[in-house]
Amino acid sequence: MRNVERLCLAHFWVAFAAFLVASLLGAWQMWVRSPLGANIGTPSQYFLSVTAHGVAMAYVLTTFFIMGFGYFVAVTALARPLPGKAWAWGAFWLAIAGVVMAVVTILTGQASVLFTFYPPLTASPWFYIGLVLVVIGSWVWCVLMLVAMQAWKRENPGRPVPLAMFATVANAVMWLWTTVGVAVELLFQVIPAAFGLIQTIDVGLARTLFSWTLHAIVYFWLIPAYIAFYTMVPRAAGGRLYSDTLGRLTFILFLVYSLPVGMHHLLMDPEHGNGTKFIQVLLTAFVSVPTLLTIFTITASLEIAGRLRGGRGLFGWIAALPWERPMVLATGLSFVMLGFGGFGGLINMGYGMNAMVHNTSWVTAHFHLIFGGSVVIMYFAIAYEIWPRLTGHEYPSLKALRLQLWLWFIGMMVMTVPWHWLGLQGQWRRVANFNYADPIIAGWGPWVIVSLAGGLVLLASSLLFIGNLFALHRSAAIAVARPLYALAVHPPQRVPAALNGFGLWNVLVLVLMLVAYGWPIAQFAIEPSPAAIVHRVQ
Amino acid sequence: MPHDSMIHSNQPSAADSPFDVADEVDEAALAAVMRHVPLGAGVLAGAAVALLVLGYLLSYLLVFIPRGTVG
Amino acid sequence: MSERQPEMHERRILGTELLWAFGVGVLIAATLSMIVFTALTMGINPPSNVERVDPKMLHLSGEFAEHNLGTSVAADGSVTARVIATQFMFVPRCIAVPQGRPVTLRFAAPDVIHGILITGTNVNTMVVPGFVAQVHTQFTRSGDLLMPCHEYCGLGHSEMWATVQVLPEGAFQPDREGRVSCAQR
């Protein structure tokens, strides 16, 4: 679809440019806090870098990638032009303006509050406003996704919405719910404080509102990877999706259960009681279900492909899979990282057990592995898969793509496994430099260096990724037409309305949010926390 | 309905109309293969999840509890 | 292929998914049961006492006034350590706690969000201005432990840490006012 090629490429290049800069910053940070960089860098530089790294990876790479991918899916899965393309471009430029605003405040040292903001620490208001603009741009994207699906449904009455688009819209609906928490926190608390309109802030309320967004946002990031699992990987492997129904169910479960679980980020907080914490731990256990279902369904889909290629016996199908294809290789590597990352997550959410790991390097290890690892490796695979369609060119060879994916996997494992260990030893987070003379800390040094080595491998992989995409723009080979989306073993002719739309599920989300967040937020209206004085960072 | 191809090509692709383009999978071969699926997947995924839960229990009993009760 | 085969296949597929979901559900239920069990029988919970305190008045309030900080043993023998977390130090910088006895740790912050962990233990809590953070625990091993601030609290965060001396029974001696200070080393 010619009409969105430039739109998609624009979004992707912004995302990947941010990714490259953040990779460089990440490697520098790791060097500076290791024994090898003991006297390099000031705290001011370090926390500026951490803020930039977090904002770039967590807000820019993700939002722009997801928007670009969504436009691509809306056009290719629905086989119709994107409605409201002018709005899409408007949203893009609005988001760019927001990024520029935020970046300027970060680079001038006026926003070293990290990507999680820690009120009453308060940055320049333009930092927050910049991020709000990015969010508003993404809201336009959400509306366009909904409009595209509705238009297709009108033209195709009674037919099941193609799974890739159904999942994309589920993600869009979930994102609209997700951003409410941080939007309220920023619009009513943090930005007024940053402008000096209020002098104190209710910190308990701010943390609670942010937690509303903080967990659901990781599912916003994750769902595109799962869209690839369900709708692209089975075709790439030469097989079929084991169950289309389970695909729909999975994305619905994410919509419903991603949101009422944010308090598992606040398990160590004193402003909430055990009752609400336990309810959200229970709900967190439920949100593990769609991932566990996915592991089975996608493995079964790969088994179909492997057996079709001649694999026999209980595990023969594994070796028979076309591992030379980047989409298949990425999936295998992603699942391995998902296993380790999921293990870490189980421990994080374990109610009292969270005390063993909270705010240690274990947490840093977990989200780098599960997001930076399992999810971002699929972002690479998606980019590799659709780039020929966007540019009209083909890769000279797939070897460099596979090398890049392997480097990412190896680097991520080498970087994060020591971090898990160090976290259990008590190594804490967000430290510009450690006192390696201290006997307890001295023992950590060697592992920090191992972790640094992993980070450097990741940096090499990042550079190679960008290089691979650039090479395609300049490649002489013309892209060969190739089908993209997978068919299911039983392609659905009709699906129940509940699996073809979101009306019912929005009601369920509302009910669960009232149960999970109703009292935790209302308590601050009934009895506000004693307010803390706003602390401006420069 | 009229649409442009994302790449200038005469060949059909699922990217153009996902419902109409068949894949290379032979239905008879698929039926034969479906007699064995998902046994391999069940064992592989099941073993992975079992290891996960085992790892969790061991961490709880051998690492967490010995560090002292906390509440 | 007979007409019934595809039906069978679809039903069979959903059947296997249901079986898998059931197995997964059992494992999740087992994990949650263990959490509930240890919470009820061993009192293992996150720190959640929800106790409000005005951060702007901490230095004036009886409990967290400077002369009342550190470890003290009450008349009934209960041990409580009170610490202020502020940019960028803990007050006091060192606390002494007994080995093998229940200890209550209470933290408050007058300024921004901090947090603490004690290395080698499960003591971990956020310190949020507006609330008193409280942790009950028992220290199983004697020795010197590190208690860093583990939440970003500004540019001086990296330098913010305290020491916890876990003293064996004989060495943990309260003075006349019931206070115990760190041993001079």
# chains A, B, ... in the order shown; residues from 1 in each chain; ligands from 1
>>> residues_around(residues="Gly71 of chain B", least_positions_apart="3", cutoff="6 Å", atoms="only C-alpha atoms", output="list of chain:residue names")
C:Ile44, C:Asn45, C:Pro46, C:Pro47, C:Val135, C:His136
>>> write_last_selection(atoms="C-alpha atoms", output="PDB file, in the first residue's frame")
ATOM      1  CA  ILE C  44       5.392 -12.572  55.608  1.00  0.00           C
ATOM      2  CA  ASN C  45       3.937  -9.444  54.072  1.00  0.00           C
ATOM      3  CA  PRO C  46       5.172  -6.381  52.292  1.00  0.00           C
ATOM      4  CA  PRO C  47       5.672  -3.326  54.530  1.00  0.00           C
ATOM      5  CA  VAL C 135       9.389  -3.187  58.722  1.00  0.00           C
ATOM      6  CA  HIS C 136       9.376  -5.995  61.309  1.00  0.00           C
TER       7      HIS C 136
END
>>> closest_atom_pairs(of="chain A", to="chain B", cutoff="7 Å", atoms="only C-alpha atoms", output="tab-separated table")
residue	atom	partner	partner_atom	distance
A:Met1	CA	B:Met6	CA	3.9
A:Arg2	CA	B:Met6	CA	5.3
A:Thr76	CA	B:Ala15	CA	5.0
A:Ala77	CA	B:Pro18	CA	6.5
A:Ala79	CA	B:Asp16	CA	5.5
A:Arg80	CA	B:His3	CA	6.7
A:Gly239	CA	B:Val25	CA	6.7
A:Ile295	CA	B:Ala45	CA	6.6
A:Phe296	CA	B:Ala45	CA	5.9
A:Thr299	CA	B:Ala41	CA	5.3
A:Ala300	CA	B:Ala41	CA	5.0
A:Glu303	CA	B:Ala41	CA	6.4
A:Ile304	CA	B:Val37	CA	6.5
A:Arg307	CA	B:Val33	CA	6.2
A:Leu308	CA	B:Val33	CA	6.6
A:Leu314	CA	B:Gly40	CA	4.9
A:Phe315	CA	B:Gly40	CA	5.9
A:Phe343	CA	B:Leu52	CA	5.9
A:Ile347	CA	B:Tyr56	CA	6.7
A:Met353	CA	B:Phe64	CA	6.8
A:Met356	CA	B:Phe64	CA	6.6
A:Arg389	CA	B:Ile7	CA	5.8
A:Leu390	CA	B:Met6	CA	6.9
A:Gly392	CA	B:Ile7	CA	5.6
A:Ala481	CA	B:Gln11	CA	6.2
A:Arg482	CA	B:Ser13	CA	5.7
A:Pro483	CA	B:Ala14	CA	4.4
A:Leu484	CA	B:Ala14	CA	5.7
A:Tyr485	CA	B:Ala14	CA	6.1
>>> interface_residues(of="chain C", to="chain B", cutoff="10 Å", atoms="only C-alpha atoms", output="ChimeraX atom specification")
/C:1,5-6,9,12-13,16-17,19-20,23-24,27-28,30-31,34-35,38-39,42-49,100,102-104,119-124,134-141
>>> atom_distance(atom1="atom CA of Met415 of chain A", atom2="atom CA of Met337 of chain A")
12.2 Å
>>> residues_around(residues="Val507 of chain A", least_positions_apart="5", cutoff="12 Å", atoms="only C-alpha atoms", output="ChimeraX atom specification")
/A:177,255-256,498,502,512-514
>>> write_last_selection(atoms="C-alpha atoms", output="PDB file, in the first residue's frame")
ATOM      1  CA  TRP A 177      -7.059   3.203  29.353  1.00  0.00           C
ATOM      2  CA  LEU A 255      -6.656  -5.779  27.446  1.00  0.00           C
ATOM      3  CA  VAL A 256      -8.528  -6.826  30.556  1.00  0.00           C
ATOM      4  CA  ALA A 498     -17.246 -10.911  21.863  1.00  0.00           C
ATOM      5  CA  PHE A 502     -14.338  -4.669  22.535  1.00  0.00           C
ATOM      6  CA  LEU A 512     -11.732  -4.479  37.440  1.00  0.00           C
ATOM      7  CA  MET A 513     -10.192  -1.015  37.674  1.00  0.00           C
ATOM      8  CA  LEU A 514     -12.833  -0.004  40.208  1.00  0.00           C
TER       9      LEU A 514
END
